Amino acid sequence: MSVYKIRYGIPEEIVPTKFAPHSLVDLREISAGSAAQITGLKTKRGYLLEIPLNPGNEIYGFGLQLKGFLQTNLKKTIRPNADPISNTGDSHAPVPFFVTTEGWGIYVDSARYVEFNLGYTRVDCKDVAEKAEIKTEFSELYAKREVNYKTILTIDVPFVDGVDIYVFCGENILDVVSQYNLFSGGGADVSLWGLGNLYRCHSDFNEEQVLSMAQKFRDMEIPCDILGLEPGWQSLSYSSSFVWDEGRFPNWQKTLHKLTEMGFKVNLWEQAFVHPESPLYDRLLPYSGDYKV
């Protein structure tokens, strides 16, 4: 296993690694010329990297991606977005890092909206796709197509004169992700219950219904480590009050104690939007944005 840092052009000064914890994995810095498989090019748009992809090499990653899992042959733009509607890379927590089934992965050290094209065919490619039947349905026209020849993976970083990338190599995806974790500072120990099953009760449940549901899990011996409550646990939600609804939860402290005795960790749904009647509102107002939700 090994990790390589490769510099192309002149990178920006403000990049994510500038604020990251110290890497716990040894890095080998190599020149762009030593990485013969990767081509770097300064363009009018920014900086472009090209990497050959072998047929059958599958790609995963890019942080939290709610709309898709396998990324091969897709186009992804790494852009934070609370309301992604399609499988184009928008996400609550996207990351410019991917892994492949050939045992290598790449992290792009940029906070820009990096664009990944994960399986282009160059115009000078001699291989051609097999002749296919004429497609008439929208889903057929724009469906992913299998290819049996080498393609190109492109990484397009806008508005820059260069970029650093980190290449992680290992025998499998687990090796690559493990090294990325160490590169990022090693992470934190996770409690086992945090990796267990979570069930979130319906928004209009009261404390009796919540306790009844919790008891059913235990009586039926269904594994459940975390019991969540939807926005209805609050007196106001969308925007949030962060105050218990004492109509549905008049004995919320006893309810929490009972759930803890039953072996549950309690998850309370919340959001960043604060209702004017919340006791937090006036204190947070000086730090808020310019527009209401």
# chains A, B, ... in the order shown; residues from 1 in each chain; ligands from 1

call {"tool": "select_by_dssp", "arguments": {"residues": "stretch 10-123 of chain A", "states": "strand (DSSP E)", "output": "PyMOL selection string"}}
result
chain A and resi 10+28-30+39-42+46-53+59-63+75-77+79-80+90-91+94-100+104-108+115-120

call {"tool": "select_by_dssp", "arguments": {"residues": "stretch 33-209 of chain A", "states": "alpha helix (DSSP H)", "output": "list in words"}}
result
Phe138, Ser139, Glu140, Leu141, Ile173, Leu174, Asp175, Val176, Val177, Ser178, Gln179, Tyr180, Asn181, Leu182, Phe183, Glu207, Glu208 and Gln209 of chain A

call {"tool": "write_last_selection", "arguments": {"atoms": "all heavy atoms", "output": "short mmCIF file (atom, residue, chain, number, x, y, z; two decimals), in the first residue's frame"}}
result
data_model
loop_
_atom_site.label_atom_id
_atom_site.label_comp_id
_atom_site.auth_asym_id
_atom_site.auth_seq_id
_atom_site.Cartn_x
_atom_site.Cartn_y
_atom_site.Cartn_z
N PHE A 138 -37.30 7.71 -23.77
CA PHE A 138 -36.36 8.61 -23.11
C PHE A 138 -35.39 7.83 -22.22
O PHE A 138 -34.19 8.07 -22.22
CB PHE A 138 -37.15 9.62 -22.26
CG PHE A 138 -36.28 10.62 -21.54
CD1 PHE A 138 -35.89 11.79 -22.15
CD2 PHE A 138 -35.84 10.37 -20.24
CE1 PHE A 138 -35.09 12.70 -21.50
CE2 PHE A 138 -35.04 11.28 -19.58
CZ PHE A 138 -34.67 12.45 -20.21
N SER A 139 -35.95 6.86 -21.45
CA SER A 139 -35.11 6.10 -20.54
C SER A 139 -34.07 5.28 -21.29
O SER A 139 -32.95 5.07 -20.81
CB SER A 139 -35.97 5.17 -19.68
OG SER A 139 -36.72 4.29 -20.50
N GLU A 140 -34.42 4.81 -22.50
CA GLU A 140 -33.47 4.03 -23.30
C GLU A 140 -32.40 4.93 -23.91
O GLU A 140 -31.21 4.57 -23.95
CB GLU A 140 -34.21 3.29 -24.42
CG GLU A 140 -35.18 2.23 -23.92
CD GLU A 140 -35.94 1.59 -25.07
OE1 GLU A 140 -36.13 2.28 -26.11
OE2 GLU A 140 -36.34 0.42 -24.94
N LEU A 141 -32.82 6.10 -24.37
CA LEU A 141 -31.88 7.01 -25.02
C LEU A 141 -30.77 7.45 -24.07
O LEU A 141 -29.62 7.60 -24.47
CB LEU A 141 -32.63 8.24 -25.55
CG LEU A 141 -33.49 8.04 -26.81
CD1 LEU A 141 -34.38 9.24 -27.03
CD2 LEU A 141 -32.61 7.80 -28.02
N ILE A 173 -10.49 -2.04 -2.40
CA ILE A 173 -11.12 -0.79 -1.97
C ILE A 173 -10.89 -0.54 -0.48
O ILE A 173 -10.67 0.61 -0.06
CB ILE A 173 -12.63 -0.82 -2.30
CG1 ILE A 173 -12.84 -0.64 -3.82
CG2 ILE A 173 -13.38 0.27 -1.55
CD1 ILE A 173 -14.28 -0.70 -4.26
N LEU A 174 -10.93 -1.59 0.34
CA LEU A 174 -10.72 -1.42 1.78
C LEU A 174 -9.36 -0.82 2.06
O LEU A 174 -9.22 0.07 2.91
CB LEU A 174 -10.88 -2.76 2.49
CG LEU A 174 -10.68 -2.73 4.01
CD1 LEU A 174 -11.67 -1.80 4.68
CD2 LEU A 174 -10.81 -4.14 4.59
N ASP A 175 -8.32 -1.28 1.35
CA ASP A 175 -6.98 -0.71 1.52
C ASP A 175 -6.99 0.78 1.21
O ASP A 175 -6.40 1.60 1.94
CB ASP A 175 -5.98 -1.41 0.59
CG ASP A 175 -5.63 -2.81 1.04
OD1 ASP A 175 -5.92 -3.14 2.20
OD2 ASP A 175 -5.09 -3.57 0.23
N VAL A 176 -7.64 1.14 0.11
CA VAL A 176 -7.65 2.53 -0.34
C VAL A 176 -8.38 3.42 0.67
O VAL A 176 -7.89 4.48 1.08
CB VAL A 176 -8.31 2.64 -1.73
CG1 VAL A 176 -8.46 4.10 -2.13
CG2 VAL A 176 -7.48 1.89 -2.76
N VAL A 177 -9.54 2.98 1.12
CA VAL A 177 -10.33 3.78 2.07
C VAL A 177 -9.62 3.88 3.41
O VAL A 177 -9.64 4.93 4.07
CB VAL A 177 -11.74 3.18 2.23
CG1 VAL A 177 -12.50 3.91 3.33
CG2 VAL A 177 -12.51 3.28 0.92
N SER A 178 -8.97 2.81 3.83
CA SER A 178 -8.23 2.83 5.10
C SER A 178 -7.12 3.87 5.07
O SER A 178 -6.92 4.64 6.02
CB SER A 178 -7.64 1.45 5.40
OG SER A 178 -8.65 0.49 5.57
N GLN A 179 -6.40 3.92 3.96
CA GLN A 179 -5.32 4.90 3.84
C GLN A 179 -5.88 6.33 3.76
O GLN A 179 -5.29 7.26 4.31
CB GLN A 179 -4.49 4.60 2.60
CG GLN A 179 -3.67 3.34 2.73
CD GLN A 179 -2.82 3.09 1.51
OE1 GLN A 179 -1.64 3.43 1.46
NE2 GLN A 179 -3.43 2.49 0.49
N TYR A 180 -7.00 6.49 3.06
CA TYR A 180 -7.63 7.81 3.01
C TYR A 180 -8.04 8.27 4.40
O TYR A 180 -7.89 9.44 4.77
CB TYR A 180 -8.83 7.79 2.08
CG TYR A 180 -9.62 9.08 2.07
CD1 TYR A 180 -9.13 10.20 1.41
CD2 TYR A 180 -10.82 9.19 2.75
CE1 TYR A 180 -9.83 11.41 1.42
CE2 TYR A 180 -11.53 10.38 2.76
CZ TYR A 180 -11.04 11.48 2.10
OH TYR A 180 -11.72 12.67 2.11
N ASN A 181 -8.54 7.35 5.21
CA ASN A 181 -8.93 7.67 6.58
C ASN A 181 -7.72 8.13 7.39
O ASN A 181 -7.78 9.14 8.12
CB ASN A 181 -9.57 6.45 7.23
CG ASN A 181 -10.06 6.74 8.64
OD1 ASN A 181 -10.67 7.76 8.89
ND2 ASN A 181 -9.75 5.86 9.56
N LEU A 182 -6.61 7.42 7.26
CA LEU A 182 -5.38 7.82 7.96
C LEU A 182 -4.84 9.14 7.42
O LEU A 182 -4.35 9.98 8.18
CB LEU A 182 -4.33 6.72 7.83
CG LEU A 182 -4.65 5.41 8.55
CD1 LEU A 182 -3.62 4.34 8.18
CD2 LEU A 182 -4.68 5.62 10.06
N PHE A 183 -4.91 9.32 6.13
CA PHE A 183 -4.49 10.57 5.51
C PHE A 183 -5.29 11.75 6.07
O PHE A 183 -4.77 12.86 6.23
CB PHE A 183 -4.68 10.46 3.99
CG PHE A 183 -4.65 11.77 3.26
CD1 PHE A 183 -3.45 12.43 3.03
CD2 PHE A 183 -5.82 12.33 2.77
CE1 PHE A 183 -3.42 13.63 2.35
CE2 PHE A 183 -5.80 13.53 2.07
CZ PHE A 183 -4.59 14.19 1.86
N GLU A 207 -45.76 10.31 23.71
CA GLU A 207 -44.80 9.53 24.48
C GLU A 207 -45.28 8.09 24.73
O GLU A 207 -44.48 7.16 24.77
CB GLU A 207 -44.46 10.22 25.79
CG GLU A 207 -45.62 10.44 26.74
CD GLU A 207 -45.23 11.30 27.93
OE1 GLU A 207 -44.25 12.06 27.85
OE2 GLU A 207 -45.91 11.19 28.96
N GLU A 208 -46.61 7.89 24.86
CA GLU A 208 -47.13 6.54 25.05
C GLU A 208 -46.87 5.69 23.81
O GLU A 208 -46.49 4.51 23.91
CB GLU A 208 -48.62 6.59 25.37
CG GLU A 208 -48.94 7.21 26.72
CD GLU A 208 -50.44 7.23 26.99
OE1 GLU A 208 -51.20 6.76 26.11
OE2 GLU A 208 -50.85 7.71 28.06
N GLN A 209 -47.09 6.26 22.64
CA GLN A 209 -46.85 5.52 21.40
C GLN A 209 -45.37 5.22 21.20
O GLN A 209 -45.00 4.15 20.70
CB GLN A 209 -47.41 6.31 20.21
CG GLN A 209 -48.92 6.41 20.19
CD GLN A 209 -49.42 7.39 19.14
OE1 GLN A 209 -49.07 8.57 19.17
NE2 GLN A 209 -50.23 6.89 18.21
#

call {"tool": "residues_around", "arguments": {"residues": "A:Leu268", "least_positions_apart": "3", "cutoff": "8 Å", "atoms": "only C-alpha atoms", "output": "number ranges by chain"}}
result
A: 228-231, 233

call {"tool": "write_last_selection", "arguments": {"atoms": "N, CA, C and O atoms", "output": "compact mmCIF listing (two decimals), in the first residue's frame"}}
result
# COMPACT_ATOMS: atom_id res chain seq x y z
N GLY A 228 -35.39 7.14 17.18
CA GLY A 228 -35.46 8.55 16.81
C GLY A 228 -36.86 9.11 16.89
O GLY A 228 -37.85 8.38 16.76
N LEU A 229 -36.96 10.40 17.12
CA LEU A 229 -38.23 11.11 17.13
C LEU A 229 -38.22 12.15 16.02
O LEU A 229 -37.29 12.94 15.91
N GLU A 230 -39.28 12.15 15.23
CA GLU A 230 -39.42 13.11 14.13
C GLU A 230 -39.67 14.52 14.68
O GLU A 230 -39.73 14.71 15.90
N PRO A 231 -39.86 15.53 13.80
CA PRO A 231 -39.97 16.92 14.27
C PRO A 231 -41.06 17.17 15.30
O PRO A 231 -41.00 18.14 16.06
N TRP A 233 -41.59 16.06 18.11
CA TRP A 233 -41.20 16.13 19.53
C TRP A 233 -41.12 17.56 20.01
O TRP A 233 -41.21 17.83 21.22

call {"tool": "closest_residue", "arguments": {"among": "A:Pro96, A:Gly119, A:Gly105, A:Gly33", "to": "A:Thr72", "atoms": "only C-alpha atoms"}}
result
A:Gly119

call {"tool": "residues_around", "arguments": {"residues": "stretch 5-7 of chain A", "least_positions_apart": "5", "cutoff": "6 Å", "atoms": "only C-alpha atoms", "output": "PyMOL selection string"}}
result
chain A and resi 29-32+164-166

call {"tool": "residues_around", "arguments": {"residues": "stretch 158-161 of chain A", "least_positions_apart": "2", "cutoff": "10 Å", "atoms": "only C-alpha atoms", "output": "list in words"}}
result
Tyr8, Gly9, Ile10, Pro11, Glu12, Leu41, Lys42, Thr43, Lys44, Arg45, Gly46, Tyr47, Leu48, Ser110, Arg112, Tyr113, Val114, Glu115, Ile155, Asp156 and Val163 of chain A

call {"tool": "residues_around", "arguments": {"residues": "stretch 148-153 of chain A", "least_positions_apart": "2", "cutoff": "6 Å", "atoms": "only C-alpha atoms", "output": "VMD selection string"}}
result
chain A and resid 50 to 55 117 to 121

call {"tool": "atom_distance", "arguments": {"atom1": "atom CA of A:Phe273", "atom2": "atom CA of A:Pro84"}}
result
18.8 Å

call {"tool": "closest_residue", "arguments": {"among": "A:Met213, A:Leu66, A:Ile78, A:Leu198", "to": "A:Ile226", "atoms": "only C-alpha atoms"}}
result
A:Leu198

call {"tool": "residues_around", "arguments": {"residues": "A:Thr101", "least_positions_apart": "5", "cutoff": "9 Å", "atoms": "only C-alpha atoms", "output": "count of residues only"}}
result
7

call {"tool": "atom_distance", "arguments": {"atom1": "atom CA of A:Pro16", "atom2": "atom CA of A:Phe116"}}
result
18.0 Å
